[in-house]
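*Asks:* Have a peek at work.cif (mmCIF, C-alpha atoms).
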data_input
loop_
_atom_site.label_atom_id
_atom_site.label_comp_id
_atom_site.auth_asym_id
_atom_site.auth_seq_id
_atom_site.Cartn_x
_atom_site.Cartn_y
_atom_site.Cartn_z
CA MET A 1 27.21 -15.83 -3.94
CA VAL A 2 30.48 -13.88 -4.02
CA ALA A 3 31.86 -16.18 -6.72
CA ILE A 4 28.67 -16.08 -8.79
CA LEU A 5 28.26 -12.32 -8.76
CA GLY A 6 31.97 -11.74 -9.19
CA ALA A 7 31.94 -13.76 -12.40
CA THR A 8 28.51 -13.00 -13.90
CA GLY A 9 27.10 -10.04 -11.95
CA GLY A 10 27.23 -7.77 -14.97
CA SER A 11 24.48 -9.80 -16.66
CA PHE A 12 21.99 -9.56 -13.79
CA SER A 13 19.04 -7.16 -14.00
CA VAL A 14 16.98 -8.80 -11.23
CA LEU A 15 18.26 -10.18 -7.94
CA ARG A 16 15.94 -11.55 -5.26
CA LEU A 17 17.52 -12.59 -1.96
CA SER A 18 14.43 -12.42 0.23
CA GLN A 19 14.71 -14.52 3.40
CA CYS A 20 18.29 -15.57 2.71
CA HIS A 21 18.98 -15.64 6.43
CA ASN A 22 22.38 -17.31 6.12
CA LEU A 23 23.87 -14.47 4.10
CA ALA A 24 26.19 -12.21 6.06
CA ASN A 25 28.17 -10.47 3.32
CA PHE A 26 26.25 -8.59 0.64
CA SER A 27 29.09 -6.51 -0.78
CA SER A 28 29.38 -8.65 -3.93
CA ILE A 29 26.07 -7.15 -5.13
CA ALA A 30 28.17 -4.12 -6.04
CA ASN A 31 29.42 -6.26 -8.96
CA CYS A 32 25.99 -5.97 -10.63
CA PRO A 33 26.14 -2.59 -12.40
CA ASN A 34 23.05 -3.29 -14.52
CA LEU A 35 20.79 -4.37 -11.68
CA GLN A 36 17.32 -2.83 -11.86
CA VAL A 37 15.39 -4.90 -9.30
CA LEU A 38 16.88 -5.73 -5.90
CA ASP A 39 14.95 -7.59 -3.20
CA LEU A 40 16.74 -7.79 0.15
CA SER A 41 13.66 -8.24 2.30
CA HIS A 42 13.98 -10.30 5.47
CA THR A 43 17.79 -10.34 5.29
CA GLU A 44 20.51 -9.35 7.77
CA ILE A 45 22.04 -6.63 5.62
CA THR A 46 23.72 -3.81 7.57
CA ASP A 47 23.86 -0.04 7.10
CA ASP A 48 27.44 -0.09 5.77
CA GLN A 49 26.70 -2.87 3.30
CA LEU A 50 23.60 -1.12 1.96
CA ALA A 51 25.51 2.14 1.58
CA GLU A 52 28.33 0.39 -0.27
CA ILE A 53 25.94 -1.34 -2.65
CA LEU A 54 23.83 1.71 -3.43
CA SER A 55 26.86 3.93 -3.88
CA ALA A 56 28.10 1.51 -6.56
CA ILE A 57 24.91 0.52 -8.40
CA GLY A 58 22.07 2.64 -7.01
CA LYS A 59 21.78 4.92 -10.02
CA ASN A 60 20.41 2.10 -12.20
CA LEU A 61 17.95 0.58 -9.70
CA ARG A 62 14.25 0.83 -10.46
CA SER A 63 12.95 -1.29 -7.56
CA LEU A 64 14.34 -1.76 -4.04
CA ASN A 65 12.70 -3.93 -1.39
CA LEU A 66 13.99 -3.68 2.20
CA HIS A 67 10.95 -5.07 4.01
CA PHE A 68 11.72 -6.38 7.50
CA CYS A 69 15.47 -5.65 7.31
CA SER A 70 15.77 -5.45 11.08
CA ASN A 71 19.49 -4.60 11.20
CA LEU A 72 19.10 -1.40 9.20
CA ARG A 73 19.03 1.92 11.00
CA ASN A 74 20.42 4.28 8.33
CA PHE A 75 18.48 4.45 5.06
CA SER A 76 19.84 7.73 3.72
CA SER A 77 21.98 5.96 1.09
CA ILE A 78 18.75 5.26 -0.83
CA ALA A 79 19.06 8.87 -1.98
CA ASN A 80 21.68 7.54 -4.44
CA CYS A 81 18.94 5.73 -6.37
CA SER A 82 17.96 8.59 -8.66
CA ARG A 83 15.84 6.43 -10.98
CA LEU A 84 14.03 4.42 -8.32
CA GLN A 85 10.36 3.81 -9.03
CA VAL A 86 9.42 1.24 -6.37
CA LEU A 87 10.57 1.54 -2.75
CA GLY A 88 9.52 -1.00 -0.12
CA LEU A 89 10.29 -0.09 3.49
CA GLU A 90 7.64 -2.16 5.25
CA SER A 91 8.28 -2.71 8.96
CA THR A 92 11.67 -0.99 8.99
CA PHE A 93 13.09 1.53 11.46
CA ILE A 94 13.39 4.44 9.04
CA THR A 95 13.14 7.85 10.71
CA ASP A 96 11.45 11.11 9.74
CA ALA A 97 14.76 12.77 8.87
CA GLN A 98 15.88 9.88 6.67
CA LEU A 99 12.57 9.71 4.82
CA THR A 100 12.77 13.45 4.18
CA VAL A 101 16.31 13.15 2.77
CA ILE A 102 15.31 10.27 0.52
CA LEU A 103 12.09 11.76 -0.84
CA SER A 104 13.63 15.19 -1.32
CA ALA A 105 16.26 13.55 -3.52
CA ILE A 106 14.32 10.89 -5.46
CA GLY A 107 10.64 11.46 -4.74
CA GLY A 108 9.98 12.69 -8.26
CA SER A 109 10.74 9.28 -9.78
CA LEU A 110 8.77 7.12 -7.32
CA SER A 111 5.53 5.47 -8.36
CA VAL A 112 5.24 3.01 -5.44
CA LEU A 113 6.02 3.72 -1.77
CA ASN A 114 5.39 1.16 0.98
CA LEU A 115 5.66 2.43 4.57
CA HIS A 116 3.49 -0.29 6.11
CA PHE A 117 4.02 -0.41 9.90
CA CYS A 118 7.04 1.92 9.89
CA SER A 119 6.63 2.59 13.59
CA ASN A 120 9.33 5.28 13.96
CA LEU A 121 7.68 7.68 11.54
CA ARG A 122 5.70 10.64 12.81
CA ASN A 123 6.23 13.20 10.02
CA PHE A 124 4.91 12.18 6.61
CA SER A 125 4.91 15.59 4.93
CA SER A 126 7.87 14.70 2.67
CA ILE A 127 5.59 12.35 0.71
CA ALA A 128 4.29 15.52 -0.96
CA ASN A 129 7.62 15.43 -2.87
CA CYS A 130 6.33 12.43 -4.85
CA PRO A 131 4.11 13.98 -7.54
CA ASN A 132 4.05 10.79 -9.65
CA LEU A 133 3.17 8.37 -6.87
CA GLN A 134 0.52 5.84 -7.85
CA VAL A 135 0.65 3.39 -4.93
CA LEU A 136 0.94 4.56 -1.31
CA ASP A 137 0.81 2.17 1.64
CA LEU A 138 0.49 3.97 4.97
CA SER A 139 -1.17 1.11 6.82
CA GLY A 140 -0.35 0.73 10.47
CA THR A 141 1.46 4.08 10.70
CA TYR A 142 0.97 7.04 13.02
CA ILE A 143 -0.09 9.48 10.31
CA THR A 144 -2.51 12.21 11.43
CA ASN A 145 -5.59 13.77 9.83
CA GLU A 146 -3.69 16.94 8.92
CA GLN A 147 -0.76 15.08 7.38
CA LEU A 148 -2.99 12.85 5.28
CA ALA A 149 -4.94 15.89 4.04
CA THR A 150 -1.72 17.75 3.13
CA ILE A 151 -0.35 14.76 1.21
CA LEU A 152 -3.55 14.04 -0.69
CA PHE A 153 -4.08 17.69 -1.58
CA ALA A 154 -0.59 17.70 -3.10
CA ILE A 155 -0.44 14.32 -4.88
CA GLY A 156 -3.92 12.79 -4.65
CA GLY A 157 -4.51 13.24 -8.36
CA SER A 158 -1.82 10.71 -9.29
CA LEU A 159 -2.75 7.99 -6.78
CA ARG A 160 -4.33 4.75 -7.98
CA VAL A 161 -3.91 2.67 -4.81
CA LEU A 162 -4.15 3.90 -1.19
CA TYR A 163 -3.80 1.92 2.02
CA PRO A 164 -4.58 3.95 5.18
CA SER A 165 -5.81 0.82 6.99
CA TYR A 166 -4.98 0.22 10.66
CA CYS A 167 -4.09 3.91 11.09
CA TRP A 168 -5.44 4.37 14.60
CA ARG A 169 -4.72 8.13 14.80
CA LEU A 170 -6.89 8.93 11.79
CA ARG A 171 -10.38 10.22 12.44
CA ASP A 172 -11.02 12.32 9.33
CA PHE A 173 -10.81 10.51 5.99
CA SER A 174 -12.66 13.05 3.86
CA SER A 175 -9.45 14.22 2.16
CA ILE A 176 -9.46 10.95 0.20
CA ALA A 177 -12.05 12.67 -1.99
CA ASN A 178 -9.02 14.48 -3.49
CA CYS A 179 -8.01 11.23 -5.23
CA PRO A 180 -10.22 11.20 -8.35
CA ASN A 181 -8.29 8.39 -10.06
CA LEU A 182 -8.20 6.01 -7.10
CA GLN A 183 -8.98 2.39 -7.99
CA VAL A 184 -8.02 0.55 -4.78
CA LEU A 185 -8.93 1.84 -1.32
CA ASP A 186 -8.28 -0.15 1.85
CA LEU A 187 -9.86 1.33 4.99
CA ALA A 188 -9.86 -1.86 7.05
CA ARG A 189 -9.97 -1.42 10.83
CA THR A 190 -10.24 2.35 10.75
CA ASP A 191 -12.67 4.71 12.48
CA ILE A 192 -14.20 6.07 9.29
CA ASN A 193 -17.85 7.04 9.76
CA ASP A 194 -20.93 7.01 7.53
CA GLN A 195 -20.73 10.66 6.51
CA GLN A 196 -17.05 10.50 5.56
CA LEU A 197 -17.57 7.31 3.55
CA ALA A 198 -20.45 8.93 1.70
CA THR A 199 -18.38 12.03 0.93
CA ILE A 200 -15.54 9.93 -0.45
CA LEU A 201 -17.63 7.55 -2.53
CA GLU A 202 -19.83 10.28 -3.98
CA ALA A 203 -16.65 11.99 -5.20
CA ILE A 204 -14.50 9.08 -6.41
CA GLY A 205 -16.61 5.91 -6.23
CA GLY A 206 -17.03 5.63 -9.98
CA ASN A 207 -13.40 4.66 -10.52
CA LEU A 208 -12.99 2.26 -7.60
CA ARG A 209 -12.31 -1.39 -8.39
CA MET A 210 -11.53 -2.59 -4.85
CA LEU A 211 -12.92 -1.33 -1.55
CA ALA A 212 -12.09 -2.82 1.85
CA LEU A 213 -14.17 -1.83 4.87
CA GLU A 214 -13.35 -4.82 7.04
CA HIS A 215 -14.10 -4.27 10.72
CA CYS A 216 -14.86 -0.55 10.39
CA GLU A 217 -16.77 -0.42 13.66
CA GLN A 218 -18.19 3.11 13.20
CA LEU A 219 -20.01 2.29 9.96
CA THR A 220 -23.73 1.58 10.07
CA ASP A 221 -24.87 2.85 6.67
CA PHE A 222 -23.36 1.17 3.61
CA SER A 223 -25.75 2.62 1.04
CA SER A 224 -23.08 5.00 -0.35
CA ILE A 225 -21.29 1.98 -1.84
CA ALA A 226 -23.95 2.21 -4.53
CA ASN A 227 -21.77 5.01 -5.94
CA CYS A 228 -19.22 2.35 -6.94
CA PRO A 229 -20.78 0.58 -9.95
CA ASN A 230 -17.44 -0.72 -11.23
CA LEU A 231 -16.28 -2.52 -8.10
CA LEU A 232 -14.62 -5.88 -8.69
CA ALA A 233 -13.82 -6.62 -5.05
CA LEU A 234 -15.67 -5.61 -1.88
CA ASN A 235 -14.69 -6.56 1.66
CA LEU A 236 -17.39 -6.06 4.27
CA GLY A 237 -15.97 -8.61 6.69
CA GLY A 238 -17.17 -7.91 10.21
CA ALA A 239 -19.76 -5.38 9.07
CA SER A 240 -23.25 -5.31 10.53
CA ILE A 241 -25.75 -5.13 7.69
CA THR A 242 -29.08 -6.84 7.13
CA ALA A 243 -29.62 -9.35 4.35
CA GLU A 244 -32.27 -7.06 2.86
CA ARG A 245 -29.93 -4.06 2.66
CA LEU A 246 -27.10 -6.19 1.35
CA SER A 247 -29.36 -7.59 -1.34
CA GLY A 248 -30.39 -4.07 -2.35
CA LEU A 249 -26.76 -3.00 -2.57
CA LEU A 250 -25.79 -5.96 -4.71
CA GLU A 251 -28.64 -5.22 -7.08
CA ILE A 252 -26.76 -2.03 -7.95
CA ILE A 253 -23.12 -3.14 -7.87
CA GLY A 254 -23.22 -6.94 -7.93
CA GLY A 255 -23.00 -7.33 -11.68
CA ASN A 256 -19.24 -6.74 -11.82
CA LEU A 257 -18.12 -8.19 -8.49
CA LYS A 258 -15.64 -11.05 -8.63
CA VAL A 259 -14.57 -11.07 -4.98
CA PHE A 260 -17.01 -10.45 -2.15
CA ILE A 261 -16.25 -11.01 1.53
CA SER A 262 -19.54 -10.77 3.30
CA CYS A 263 -20.79 -9.59 6.65
CA SER A 264 -20.11 -11.91 9.54
CA ASN A 265 -23.41 -11.11 11.28
CA LEU A 266 -25.35 -12.96 8.56
CA SER A 267 -25.79 -16.72 8.68
CA ALA A 268 -24.23 -18.87 5.97
CA GLU A 269 -27.71 -19.47 4.54
CA GLU A 270 -28.49 -15.74 4.41
CA ARG A 271 -25.21 -14.93 2.73
CA GLN A 272 -25.63 -17.70 0.20
CA GLY A 273 -29.17 -16.59 -0.53
CA VAL A 274 -28.10 -13.00 -1.18
CA VAL A 275 -25.24 -13.88 -3.50
CA ALA A 276 -26.94 -16.73 -5.37
CA ALA A 277 -28.23 -14.36 -8.05
CA TYR A 278 -24.69 -13.35 -9.01
CA PRO A 279 -22.85 -16.26 -10.66
CA ASN A 280 -19.93 -13.98 -11.46
CA ILE A 281 -18.98 -14.00 -7.75
CA ARG A 282 -16.85 -17.12 -7.56
CA VAL A 283 -14.91 -16.58 -4.35
CA PRO A 284 -16.51 -18.46 -1.43
CA LEU A 285 -18.10 -16.36 1.26
CA ARG A 286 -16.63 -16.45 4.73
#
Give the structure from this file in structure tokens form.

*Replies:*
Amino acid sequence: MVAILGATGGSFSVLRLSQCHNLANFSSIANCPNLQVLDLSHTEITDDQLAEILSAIGKNLRSLNLHFCSNLRNFSSIANCSRLQVLGLESTFITDAQLTVILSAIGGSLSVLNLHFCSNLRNFSSIANCPNLQVLDLSGTYITNEQLATILFAIGGSLRVLYPSYCWRLRDFSSIANCPNLQVLDLARTDINDQQLATILEAIGGNLRMLALEHCEQLTDFSSIANCPNLLALNLGGASITAERLSGLLEIIGGNLKVFISCSNLSAEERQGVVAAYPNIRVPLR
């Protein structure tokens, strides 16, 4: 790789090295001054190597993926990426202080931020420095009710995609109603209740295209989904709902659905009977 990037690195705009486990030296990436997309996910890159690379070429990067980079402990050099739009930090060891430094410096340019299962994070307030954020993945994090409300009050108007799934500390999801332009909402395996779901969907359901409520154990009333006439994908996996109520719901929203994962409490025959009237649903039920 050193020889290749040393000779032709100037012509590269995209470099994907995901799962290149044999690579030990990444410094030659600094020979790619025009790089805009860099994927280093699942690699053994170190703090010093990342800092060297981003100091040299960070100003031109638009997308940086560091998912599962288990050797990294210092992410502050990402603050050199002043034009970054997409930042993937899934399952990394980034800290509160480092996230604050990064988002204070470059948050204004970000449109996508992935913090999926970033287990060291406890303070998410710096996300409010991202006024143009459209995609926010907080799944599996330790975010609290108050922090989610603060973030969504500040930037909810710009969000199109929100993943607060698997967030076990969350009990109050009503602040999601501050996201009027939301199109994708994943609430899988959360403790959202009937009243909160109704509040959210009455406020923003008209724009939703995808809604995931898989294994939301507190939900018993799914009638508020009728406020989502434009849904293309609905995941009710693990939900407890009768065939009669499901049929009534699909009479309202079934016309547009392309993907529908049905309730596991219904038999295969019941599920097939409910969905048979909607030939547009082509994905098999499970």

*Asks:* Determine the residue set returned by the PyMOL selection byres ((chain A and resi 173) around 12) for the present structure, and present it as JSON, numbers by chain.

*Replies:* {"A": [143, 144, 145, 146, 147, 148, 149, 150, 152, 162, 163, 164, 165, 167, 168, 169, 170, 171, 172, 174, 175, 176, 177, 178, 179, 185, 186, 187, 190, 191, 192, 193, 194, 195, 196, 197, 198, 199, 200, 201]}

*Asks:* Enclose stretch 133-148 of chain A, meaning all of its atoms listed in the file, in a box aligned along x, y and z, pad it by 5 Å on each side, and list the centre and edge lengths in Å to one decimal, as lines of an AutoDock Vina configuration file.

*Replies:*
center_x = -1.2
center_y = 8.8
center_z = 2.6
size_x = 18.8
size_y = 26.2
size_z = 30.9

*Asks:* Could you list, as an mmCIF file with C-alpha atoms, in the frame of the given file, every residue matched by the PyMOL selection byres ((chain A and resi 62-65) around 7) in this structure?

*Replies:*
data_model
loop_
_atom_site.group_PDB
_atom_site.id
_atom_site.type_symbol
_atom_site.label_atom_id
_atom_site.label_comp_id
_atom_site.auth_asym_id
_atom_site.auth_seq_id
_atom_site.Cartn_x
_atom_site.Cartn_y
_atom_site.Cartn_z
ATOM 1 C CA GLN A 36 17.320 -2.830 -11.860
ATOM 2 C CA VAL A 37 15.390 -4.900 -9.300
ATOM 3 C CA LEU A 38 16.880 -5.730 -5.900
ATOM 4 C CA ASP A 39 14.950 -7.590 -3.200
ATOM 5 C CA LEU A 40 16.740 -7.790 0.150
ATOM 6 C CA SER A 41 13.660 -8.240 2.300
ATOM 7 C CA ASN A 60 20.410 2.100 -12.200
ATOM 8 C CA LEU A 61 17.950 0.580 -9.700
ATOM 9 C CA LEU A 66 13.990 -3.680 2.200
ATOM 10 C CA HIS A 67 10.950 -5.070 4.010
ATOM 11 C CA ARG A 83 15.840 6.430 -10.980
ATOM 12 C CA LEU A 84 14.030 4.420 -8.320
ATOM 13 C CA GLN A 85 10.360 3.810 -9.030
ATOM 14 C CA VAL A 86 9.420 1.240 -6.370
ATOM 15 C CA LEU A 87 10.570 1.540 -2.750
ATOM 16 C CA GLY A 88 9.520 -1.000 -0.120
ATOM 17 C CA LEU A 89 10.290 -0.090 3.490
#

*Asks:* Tell me which protein, DNA and RNA residues are within 12 Å of stretch 260-275 of chain A, counting all atoms listed in the file, leaving out same-chain ones fewer than 3 positions away, and put them as a PyMOL selection string.

*Replies:* chain A and resi 209-216+222+231-251+253-257+278-286

*Asks:* On this file, the PyMOL selection byres ((chain A and resi 69) around 10) gives some set of residues; write that set as a ChimeraX atom specification.

*Replies:* /A:18-19,40-46,65-68,70-73,89-93

*Asks:* I'd like the interatomic distance between atom CA of A:Leu219 and atom CA of A:Leu159, to a tenth of an Å.

*Replies:* 24.7 Å

*Asks:* Work out how far apart atom CA of A:Val112 and atom CA of A:Ser125 are and give it in Å to one decimal.

*Replies:* 16.3 Å

*Asks:* Rounded to one decimal place, report the atom CA of A:Leu54-atom CA of A:Arg16 distance in Å.

*Replies:*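 Result for atom CA of A:Leu54 versus atom CA of A:Arg16: 15.5 Å, one decimal.
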
*Asks:* With distances taken over all atoms listed in the file, which residue among A:Ala105, A:Leu133, A:Ile57, A:Ile252 lies nearest A:Ser28?

*Replies:*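 Comparing A:Ala105, A:Leu133, A:Ile57, A:Ile252 against A:Ser28, the winner is A:Ile57.
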
*Asks:* So, counting all atoms listed in the file, which residue among A:Leu113, A:Val14, A:Leu138, A:Ile53 is closest to A:Asn31?

*Replies:*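 Looking at the shortest contact to A:Asn31, the residue is A:Ile53.
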
*Asks:* For a quick check of understanding, using only C-alpha atoms, which of A:Phe75, A:Phe12, A:Phe124, A:Phe153 has the smallest distance to A:Cys32?

*Replies:*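 Under the stated criterion, the closest residue is A:Phe12.
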
*Asks:* Counting all atoms listed in the file, figure out which residue out of A:Asn129, A:Ser119, A:Gln218, A:Asn227 gets nearest to A:Thr100.

*Replies:*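 So, comparing all the options, the nearest one is A:Asn129.
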
*Asks:* With distances taken over all atoms listed in the file, which residue among A:Ile78, A:Ile127, A:Ala277, A:Ala188 lies nearest A:Tyr166?

*Replies:*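 So, comparing all the options, the nearest one is A:Ala188.
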
*Asks:* Which polymer residues, protein or nucleic acid, are no farther than 6 Å from (-9.5, 10.7, -9.0), counting only C-alpha atoms, as a VMD selection string?

*Replies:* chain A and resid 157 179 to 182 204

*Asks:* Please determine, counting only C-alpha atoms, which residue among A:Arg122, A:Leu208, A:Phe117, A:Arg160 has the shortest atom-to-atom distance to A:Leu136.

*Replies:*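 Checking each candidate against A:Leu136, we get A:Arg160 as the closest.
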